[in-house]
file coords.csv (CSV, C-alpha atoms and all ligand atoms)
chain,number,residue,atom,x,y,z
C,1,MET,CA,-10.8,15.2,2.9
C,2,THR,CA,-9.0,12.1,4.3
C,3,TYR,CA,-9.0,10.1,1.1
C,4,THR,CA,-5.8,9.4,-0.9
C,5,VAL,CA,-6.2,8.3,-4.5
C,6,ASN,CA,-4.1,5.2,-5.5
C,7,CYS,CA,-2.9,6.4,-8.9
C,8,SER,CA,-1.5,2.9,-9.8
C,9,ILE,CA,-4.9,1.3,-9.9
C,10,LEU,CA,-7.2,4.3,-10.6
C,11,LEU,CA,-7.1,6.8,-13.5
C,12,THR,CA,-5.2,4.2,-15.5
C,13,GLU,CA,-6.7,5.6,-18.7
C,14,LEU,CA,-4.1,8.4,-18.3
C,15,PRO,CA,-0.4,8.3,-18.5
C,16,LEU,CA,1.0,7.7,-15.0
C,17,LEU,CA,2.5,11.2,-14.7
C,18,GLU,CA,-0.9,12.8,-15.6
C,19,ARG,CA,-2.8,11.0,-12.8
C,20,PRO,CA,-1.8,13.2,-9.8
C,21,ALA,CA,-3.3,16.3,-11.6
C,22,ALA,CA,-6.4,14.3,-12.5
C,23,ALA,CA,-6.8,13.3,-8.9
C,24,LYS,CA,-6.5,16.9,-7.9
C,25,ALA,CA,-9.1,17.9,-10.5
C,26,ALA,CA,-11.4,15.3,-9.1
C,27,GLY,CA,-11.2,17.1,-5.7
C,28,PHE,CA,-8.5,15.1,-3.9
C,29,ASP,CA,-5.4,16.5,-2.2
C,30,ALA,CA,-3.5,13.3,-1.7
C,31,VAL,CA,-2.3,10.4,-3.8
C,32,GLU,CA,-0.4,7.1,-3.3
C,33,PHE,CA,1.5,4.9,-5.8
C,34,TRP,CA,2.7,1.4,-6.2
C,35,TRP,CA,6.4,1.5,-7.3
C,36,PRO,CA,6.1,3.6,-10.4
C,37,PHE,CA,9.4,2.5,-12.1
C,38,ALA,CA,10.6,-0.6,-13.9
C,39,THR,CA,13.7,-1.1,-11.8
C,40,SER,CA,14.7,-0.6,-8.1
C,41,VAL,CA,17.0,2.2,-9.0
C,42,PRO,CA,15.4,4.5,-11.6
C,43,THR,CA,17.4,7.2,-13.4
C,44,ASP,CA,17.6,10.7,-11.9
C,45,LYS,CA,15.4,11.8,-14.9
C,46,GLU,CA,12.7,9.3,-14.1
C,47,THR,CA,12.7,10.2,-10.4
C,48,THR,CA,12.6,13.9,-11.1
C,49,GLU,CA,9.7,13.5,-13.6
C,50,PHE,CA,7.7,11.6,-11.1
C,51,GLU,CA,8.3,14.0,-8.3
C,52,THR,CA,7.6,17.0,-10.5
C,53,ALA,CA,4.3,15.5,-11.6
C,54,ILE,CA,3.2,15.3,-8.0
C,55,LYS,CA,4.5,18.7,-6.9
C,56,ASP,CA,3.0,20.4,-10.0
C,57,ALA,CA,-0.4,18.8,-9.3
C,58,GLY,CA,-0.4,20.3,-5.9
C,59,VAL,CA,-1.1,17.0,-4.1
C,60,GLN,CA,0.6,15.3,-1.2
C,61,LEU,CA,2.2,11.9,-1.8
C,62,THR,CA,1.0,9.9,1.2
C,63,GLY,CA,2.2,6.4,0.3
C,64,LEU,CA,4.7,4.7,-1.9
C,65,ASN,CA,5.2,0.9,-2.4
C,66,PHE,CA,8.8,-0.4,-2.5
C,67,ASN,CA,9.6,-2.1,-5.8
C,68,ALA,CA,7.5,-5.3,-5.8
C,69,GLY,CA,8.8,-6.8,-9.1
C,70,ASN,CA,6.6,-7.3,-12.1
C,71,MET,CA,3.1,-6.9,-10.6
C,72,PRO,CA,1.1,-7.5,-13.8
C,73,GLY,CA,3.2,-10.7,-14.3
C,74,GLY,CA,2.1,-11.9,-10.8
C,75,ASP,CA,5.0,-10.8,-8.6
C,76,ARG,CA,4.0,-9.4,-5.2
C,77,GLY,CA,7.1,-8.0,-3.6
C,78,LEU,CA,10.9,-8.6,-3.2
C,79,VAL,CA,11.0,-8.7,0.6
C,80,SER,CA,11.2,-12.5,0.9
C,81,TRP,CA,12.5,-13.2,-2.6
C,82,LYS,CA,15.7,-15.1,-2.3
C,83,GLY,CA,18.0,-14.0,-5.2
C,84,ARG,CA,16.7,-10.3,-5.3
C,85,CYS,CA,18.0,-9.2,-1.9
C,86,SER,CA,20.5,-6.6,-3.2
C,87,GLU,CA,17.8,-5.1,-5.5
C,88,PHE,CA,15.5,-4.7,-2.5
C,89,LYS,CA,18.3,-3.1,-0.4
C,90,ASP,CA,19.2,-0.7,-3.3
C,91,ASN,CA,15.6,0.3,-3.5
C,92,ILE,CA,15.4,1.4,0.2
C,93,ASP,CA,17.6,4.5,-0.3
C,94,VAL,CA,15.7,5.5,-3.4
C,95,VAL,CA,12.3,5.1,-1.7
C,96,ALA,CA,13.6,7.1,1.4
C,97,GLY,CA,15.0,9.8,-1.0
C,98,ILE,CA,11.6,10.3,-2.7
C,99,GLY,CA,9.9,10.2,0.6
C,100,GLU,CA,12.2,12.9,2.0
C,101,ARG,CA,11.8,15.2,-1.0
C,102,LEU,CA,8.0,14.8,-1.1
C,103,GLY,CA,7.2,14.6,2.6
C,104,CYS,CA,5.8,11.0,2.2
C,105,LYS,CA,6.2,8.8,5.3
C,106,ALA,CA,4.4,5.5,4.6
C,107,PHE,CA,6.1,2.8,2.5
C,108,ASN,CA,4.4,-0.5,1.7
C,109,ALA,CA,6.8,-3.4,1.4
C,110,LEU,CA,5.0,-6.3,-0.3
C,111,TYR,CA,6.2,-9.6,1.2
C,112,GLY,CA,6.7,-11.6,-2.0
C,113,ASN,CA,5.4,-14.9,-3.3
C,114,ARG,CA,6.6,-18.3,-2.0
C,115,GLN,CA,9.3,-19.8,-4.1
C,116,ASP,CA,9.2,-23.6,-4.8
C,117,GLU,CA,13.0,-24.0,-4.4
C,118,PHE,CA,13.2,-22.5,-0.9
C,119,SER,CA,11.5,-23.4,2.4
C,120,PRO,CA,9.1,-20.9,3.9
C,121,GLU,CA,11.5,-20.6,6.9
C,122,GLU,CA,14.4,-19.6,4.6
C,123,GLN,CA,12.2,-17.0,2.9
C,124,ASP,CA,10.8,-15.7,6.2
C,125,GLU,CA,14.4,-15.3,7.6
C,126,LEU,CA,15.3,-13.1,4.7
C,127,ALA,CA,12.0,-11.2,4.9
C,128,VAL,CA,12.7,-10.3,8.6
C,129,LYS,CA,16.2,-9.0,7.7
C,130,ASN,CA,14.9,-7.0,4.7
C,131,LEU,CA,12.0,-5.5,6.6
C,132,ALA,CA,14.4,-4.5,9.4
C,133,ALA,CA,16.7,-2.8,6.8
C,134,ALA,CA,13.7,-1.0,5.3
C,135,ALA,CA,12.5,0.2,8.7
C,136,ALA,CA,16.0,1.5,9.4
C,137,GLY,CA,16.3,3.1,6.0
C,138,VAL,CA,13.1,5.1,6.3
C,139,ALA,CA,13.5,5.9,10.0
C,140,ARG,CA,15.9,8.7,9.1
C,141,ILE,CA,12.9,10.6,7.5
C,142,GLY,CA,10.4,9.6,10.2
C,143,GLY,CA,8.9,7.0,7.9
C,144,THR,CA,7.0,3.8,8.6
C,145,VAL,CA,7.1,0.5,6.7
C,146,LEU,CA,3.7,-1.1,6.0
C,147,LEU,CA,3.1,-4.8,5.7
C,148,GLU,CA,0.0,-5.9,3.8
C,149,PRO,CA,-2.1,-9.1,3.5
C,150,VAL,CA,-3.1,-9.4,-0.1
C,151,SER,CA,-5.7,-11.5,-2.0
C,152,GLY,CA,-5.6,-12.9,-5.5
C,153,ALA,CA,-2.0,-14.0,-5.5
C,154,PRO,CA,-1.9,-17.8,-5.0
C,155,LYS,CA,1.7,-17.9,-3.6
C,156,TYR,CA,1.6,-14.8,-1.4
C,157,PRO,CA,1.7,-16.1,2.2
C,158,LEU,CA,0.2,-13.2,4.1
C,159,LEU,CA,-3.5,-13.6,3.9
C,160,THR,CA,-4.9,-12.3,7.2
C,161,ALA,CA,-4.1,-9.5,9.5
C,162,GLU,CA,-2.7,-12.1,12.0
C,163,ASP,CA,-0.3,-13.4,9.3
C,164,ALA,CA,1.2,-9.9,8.9
C,165,LEU,CA,1.1,-9.0,12.6
C,166,LYS,CA,3.2,-12.1,13.4
C,167,VAL,CA,5.9,-11.0,10.9
C,168,ILE,CA,5.7,-7.4,12.3
C,169,ALA,CA,6.2,-8.8,15.9
C,170,ARG,CA,9.2,-10.8,14.8
C,171,VAL,CA,10.8,-7.9,13.0
C,172,LYS,CA,10.3,-5.8,16.2
C,173,ALA,CA,11.7,-8.5,18.5
C,174,GLU,CA,14.7,-9.3,16.3
C,175,SER,CA,15.7,-5.8,15.2
C,176,GLY,CA,14.2,-3.4,17.7
C,177,ALA,CA,12.5,-1.5,14.9
C,178,GLN,CA,9.3,0.1,16.0
C,179,ASN,CA,8.3,1.8,12.7
C,180,ILE,CA,6.6,-1.1,11.0
C,181,LYS,CA,2.8,-1.4,10.9
C,182,LEU,CA,-0.1,-3.3,9.4
C,183,LEU,CA,-1.7,-2.0,6.2
C,184,ALA,CA,-5.3,-3.0,6.6
C,185,ASP,CA,-6.8,-3.3,3.1
C,186,PHE,CA,-10.4,-4.1,3.9
C,187,TYR,CA,-10.9,-5.6,0.5
C,188,HIS,CA,-8.0,-8.0,0.6
C,189,LEU,CA,-8.9,-9.0,4.2
C,190,ALA,CA,-12.5,-9.6,3.4
C,191,VAL,CA,-11.7,-11.6,0.2
C,192,ASN,CA,-9.3,-13.8,2.2
C,193,GLY,CA,-12.1,-14.5,4.7
C,194,ASP,CA,-10.5,-12.6,7.6
C,195,ASP,CA,-12.9,-11.3,10.3
C,196,VAL,CA,-12.6,-7.6,9.4
C,197,GLU,CA,-14.8,-6.4,12.3
C,198,SER,CA,-12.5,-8.2,14.8
C,199,VAL,CA,-9.4,-6.9,13.1
C,200,ILE,CA,-10.7,-3.4,13.5
C,201,GLU,CA,-11.8,-3.9,17.1
C,202,ASN,CA,-8.4,-5.3,18.1
C,203,HIS,CA,-6.0,-3.3,16.0
C,204,ALA,CA,-7.5,-0.2,14.5
C,205,LYS,CA,-5.5,2.2,16.6
C,206,ASP,CA,-2.3,0.6,15.4
C,207,PHE,CA,-3.1,0.4,11.7
C,208,GLY,CA,-0.4,2.0,9.6
C,209,HIS,CA,-2.8,2.6,6.8
C,210,ILE,CA,-6.3,1.6,5.5
C,211,GLN,CA,-7.1,0.9,1.9
C,212,ILE,CA,-10.6,0.2,0.5
C,213,ALA,CA,-12.4,-1.4,-2.4
C,214,ASP,CA,-15.7,-3.1,-2.5
C,215,ASN,CA,-16.3,-6.8,-3.0
C,216,PRO,CA,-17.1,-8.5,-5.3
C,217,GLY,CA,-15.2,-6.9,-8.1
C,218,ARG,CA,-12.6,-4.7,-6.3
C,219,GLY,CA,-14.8,-1.7,-7.5
C,220,ALA,CA,-15.7,1.6,-6.0
C,221,PRO,CA,-17.4,1.8,-2.6
C,222,GLY,CA,-21.1,1.0,-3.1
C,223,THR,CA,-20.6,-1.4,-6.0
C,224,GLY,CA,-20.5,-4.4,-3.7
C,225,THR,CA,-21.6,-5.5,-0.3
C,226,LEU,CA,-18.8,-4.5,2.1
C,227,PRO,CA,-19.8,-2.1,4.9
C,228,LEU,CA,-16.8,0.1,4.1
C,229,GLY,CA,-18.3,3.3,5.6
C,230,GLU,CA,-19.1,1.5,8.9
C,231,TRP,CA,-15.6,-0.1,9.0
C,232,ILE,CA,-14.0,3.3,8.4
C,233,ALA,CA,-16.1,5.0,11.0
C,234,ARG,CA,-15.4,2.3,13.6
C,235,SER,CA,-11.6,2.5,12.9
C,236,ARG,CA,-11.8,6.3,13.4
C,237,GLU,CA,-13.7,5.8,16.7
C,238,LEU,CA,-11.0,3.5,17.9
C,239,GLY,CA,-8.2,5.9,17.1
C,240,TYR,CA,-7.1,5.5,13.5
C,241,ASP,CA,-6.4,9.0,12.2
C,242,GLY,CA,-4.6,8.4,8.9
C,243,TYR,CA,-5.6,8.5,5.3
C,244,ILE,CA,-8.0,6.1,3.6
C,245,GLY,CA,-6.4,4.8,0.4
C,246,LEU,CA,-8.8,4.4,-2.6
C,247,GLU,CA,-7.4,1.3,-4.1
C,248,TYR,CA,-10.1,0.1,-6.5
C,249,LYS,CA,-10.7,-0.4,-10.2
C,250,GLU,CA,-13.3,1.8,-11.8
C,251,PRO,CA,-13.3,3.7,-15.1
C,252,GLN,CA,-12.2,7.4,-14.8
C,253,GLU,CA,-15.7,8.8,-15.6
C,254,THR,CA,-17.4,7.1,-12.7
C,255,ALA,CA,-14.4,6.5,-10.4
C,256,PHE,CA,-15.4,9.1,-7.8
C,257,SER,CA,-19.2,9.4,-8.3
C,258,TRP,CA,-19.7,8.0,-4.8
C,259,ALA,CA,-17.4,10.7,-3.3
C,260,ILE,CA,-19.2,13.5,-5.2
C,261,ARG,CA,-22.5,12.2,-3.8
C,262,GLN,CA,-20.9,12.0,-0.3
C,263,ARG,CA,-19.6,15.6,-0.6
C,264,ALA,CA,-23.0,16.9,-1.8
C,265,ASN,CA,-24.8,15.2,1.1
C,266,ALA,CA,-22.4,16.7,3.6
C,267,ASN,CA,-23.2,20.3,2.3
C,301,LIG,O1,-1.3,-6.2,-5.2
C,301,LIG,C1,-2.2,-5.6,-4.7
C,301,LIG,O2,-3.4,-5.9,-5.0
C,301,LIG,C2,-2.0,-4.5,-3.8
C,301,LIG,O3,-2.9,-4.1,-3.1
C,301,LIG,C3,-0.6,-3.9,-3.7
C,301,LIG,O4,-0.5,-2.9,-2.8

call {"tool": "encode", "arguments": {"input": "coords.csv", "output": "structure tokens"}}
result
Amino acid sequence: MTYTVNCSILLTELPLLERPAAAKAAGFDAVEFWWPFATSVPTDKETTEFETAIKDAGVQLTGLNFNAGNMPGGDRGLVSWKGRCSEFKDNIDVVAGIGERLGCKAFNALYGNRQDEFSPEEQDELAVKNLAAAAAGVARIGGTVLLEPVSGAPKYPLLTAEDALKVIARVKAESGAQNIKLLADFYHLAVNGDDVESVIENHAKDFGHIQIADNPGRGAPGTGTLPLGEWIARSRELGYDGYIGLEYKEPQETAFSWAIRQRANAN
């Protein structure tokens, strides 16, 4: 099983700490999360409860987002957010600590929305420094920072794979960091009008992670028109050997019907 269940967008009928066990009960061995706490530095109690929920469920945490601010309120990351730099920096050690204790090595750093009061150049300058610091922070545990083009956020500047790859190249050139990679979310790329086939052909072997949802609707595979199975198969042929993140919205009862059908067909 190469799927990892995104427990921040799926199984939301359940309290957050019950979702890893529900993913396991649905037949999955791996989960990923957006930042699960309200602040960059949660209390020890909060961190322990989160880690215990994952360990007790018997699943592997495969991915964790850095604190991205108030996501329901429209925030999409602190990386380029002038005024919240120290919060992002403080978050790095906490993320690396959770990663170390749970054996998680992939950390998604959402870039952040454009701010009217600063120029894109000023924000990009900060982002490069913050991404380099994040890469250095997770390097000690063999971790990789992921950078993700996102849709549906009007002020988020990374829309295509190329947008993210340019930032990644700049971070590498300016800091020497090598552990920063593209998170190819096929749903976001497709919605933003990127040429997903070409992105796969040109970059699949260097993807840091793949996530999927169908379009329209950001639902389960098969609810829309995207050829997700073909895109995954081609990425595999070209050398991508990581997890596939299930990052879609679907009620718990039907969330994994497609996977159950897939498993039945394979037997
Ligand atoms: O904000 C989103 O939609 C994401 O995919 C965050 O990882």

call {"tool": "closest_residue", "arguments": {"input": "coords.csv", "among": "C:Pro221, C:Gly176, C:Pro157, C:Pro20", "to": "Val79 of chain C", "atoms": "only C-alpha atoms"}}
result
C:Pro157

call {"tool": "residues_around", "arguments": {"input": "coords.csv", "residues": "Ala38 of chain C", "least_positions_apart": "3", "cutoff": "10 Å", "atoms": "all atoms listed in the file", "output": "list in words"}}
result
Trp35, Val41, Pro42, Asn67, Ala68, Gly69 and Asn70 of chain C

call {"tool": "closest_atom_pairs", "arguments": {"input": "coords.csv", "of": "chain C", "to": "ligand LIG 301 (chain C)", "cutoff": "8 Å", "atoms": "only C-alpha atoms and all ligand atoms", "output": "Markdown table"}}
result
| residue | atom | partner | partner_atom | distance |
| --- | --- | --- | --- | --- |
| C:Trp34 | CA | C:LIG301 | O4 | 6.3 |
| C:Asn65 | CA | C:LIG301 | O4 | 6.9 |
| C:Met71 | CA | C:LIG301 | O1 | 7.0 |
| C:Arg76 | CA | C:LIG301 | O1 | 6.2 |
| C:Asn108 | CA | C:LIG301 | O4 | 7.1 |
| C:Leu110 | CA | C:LIG301 | O4 | 6.9 |
| C:Glu148 | CA | C:LIG301 | O4 | 7.3 |
| C:Val150 | CA | C:LIG301 | O2 | 6.0 |
| C:Ser151 | CA | C:LIG301 | O2 | 6.8 |
| C:Gly152 | CA | C:LIG301 | O2 | 7.4 |
| C:Ala153 | CA | C:LIG301 | O1 | 7.8 |
| C:Asp185 | CA | C:LIG301 | O3 | 7.4 |
| C:His188 | CA | C:LIG301 | O3 | 7.4 |
| C:Glu247 | CA | C:LIG301 | O3 | 7.1 |

call {"tool": "closest_residue", "arguments": {"input": "coords.csv", "among": "C:Leu238, C:Ala204, C:Leu165, C:Val171", "to": "Lys129 of chain C", "atoms": "all atoms listed in the file"}}
result
C:Val171

call {"tool": "atom_distance", "arguments": {"input": "coords.csv", "atom1": "atom CA of Thr223 of chain C", "atom2": "atom CA of Arg261 of chain C"}}
result
13.9 Å

call {"tool": "closest_residue", "arguments": {"input": "coords.csv", "among": "C:Ala169, C:Ala220, C:Leu189, C:Leu64", "to": "Phe37 of chain C", "atoms": "only C-alpha atoms"}}
result
C:Leu64

call {"tool": "residues_around", "arguments": {"input": "coords.csv", "residues": "Pro251 of chain C", "least_positions_apart": "3", "cutoff": "8 Å", "atoms": "all atoms listed in the file", "output": "ChimeraX atom specification"}}
result
/C:10-11,13,254-255

call {"tool": "write_last_selection", "arguments": {"input": "coords.csv", "atoms": "C-alpha atoms", "output": "mmCIF file, in the coordinates of the input"}}
result
data_model
loop_
_atom_site.group_PDB
_atom_site.id
_atom_site.type_symbol
_atom_site.label_atom_id
_atom_site.label_comp_id
_atom_site.auth_asym_id
_atom_site.auth_seq_id
_atom_site.Cartn_x
_atom_site.Cartn_y
_atom_site.Cartn_z
ATOM 1 C CA LEU C 10 -7.200 4.300 -10.600
ATOM 2 C CA LEU C 11 -7.100 6.800 -13.500
ATOM 3 C CA GLU C 13 -6.700 5.600 -18.700
ATOM 4 C CA THR C 254 -17.400 7.100 -12.700
ATOM 5 C CA ALA C 255 -14.400 6.500 -10.400
#

call {"tool": "residues_around", "arguments": {"input": "coords.csv", "residues": "segment 97-100 of chain C", "least_positions_apart": "5", "cutoff": "10 Å", "atoms": "all atoms listed in the file", "output": "tab-separated table (two decimals) with C-alpha atoms, keeping the file's coordinate frame"}}
result
chain	number	residue	atom	x	y	z
C	47	THR	CA	12.70	10.20	-10.40
C	48	THR	CA	12.60	13.90	-11.10
C	50	PHE	CA	7.70	11.60	-11.10
C	51	GLU	CA	8.30	14.00	-8.30
C	61	LEU	CA	2.20	11.90	-1.80
C	62	THR	CA	1.00	9.90	1.20
C	63	GLY	CA	2.20	6.40	0.30
C	64	LEU	CA	4.70	4.70	-1.90
C	91	ASN	CA	15.60	0.30	-3.50
C	92	ILE	CA	15.40	1.40	0.20
C	105	LYS	CA	6.20	8.80	5.30
C	106	ALA	CA	4.40	5.50	4.60
C	107	PHE	CA	6.10	2.80	2.50
C	137	GLY	CA	16.30	3.10	6.00
C	138	VAL	CA	13.10	5.10	6.30
C	140	ARG	CA	15.90	8.70	9.10
C	141	ILE	CA	12.90	10.60	7.50
C	142	GLY	CA	10.40	9.60	10.20
C	143	GLY	CA	8.90	7.00	7.90
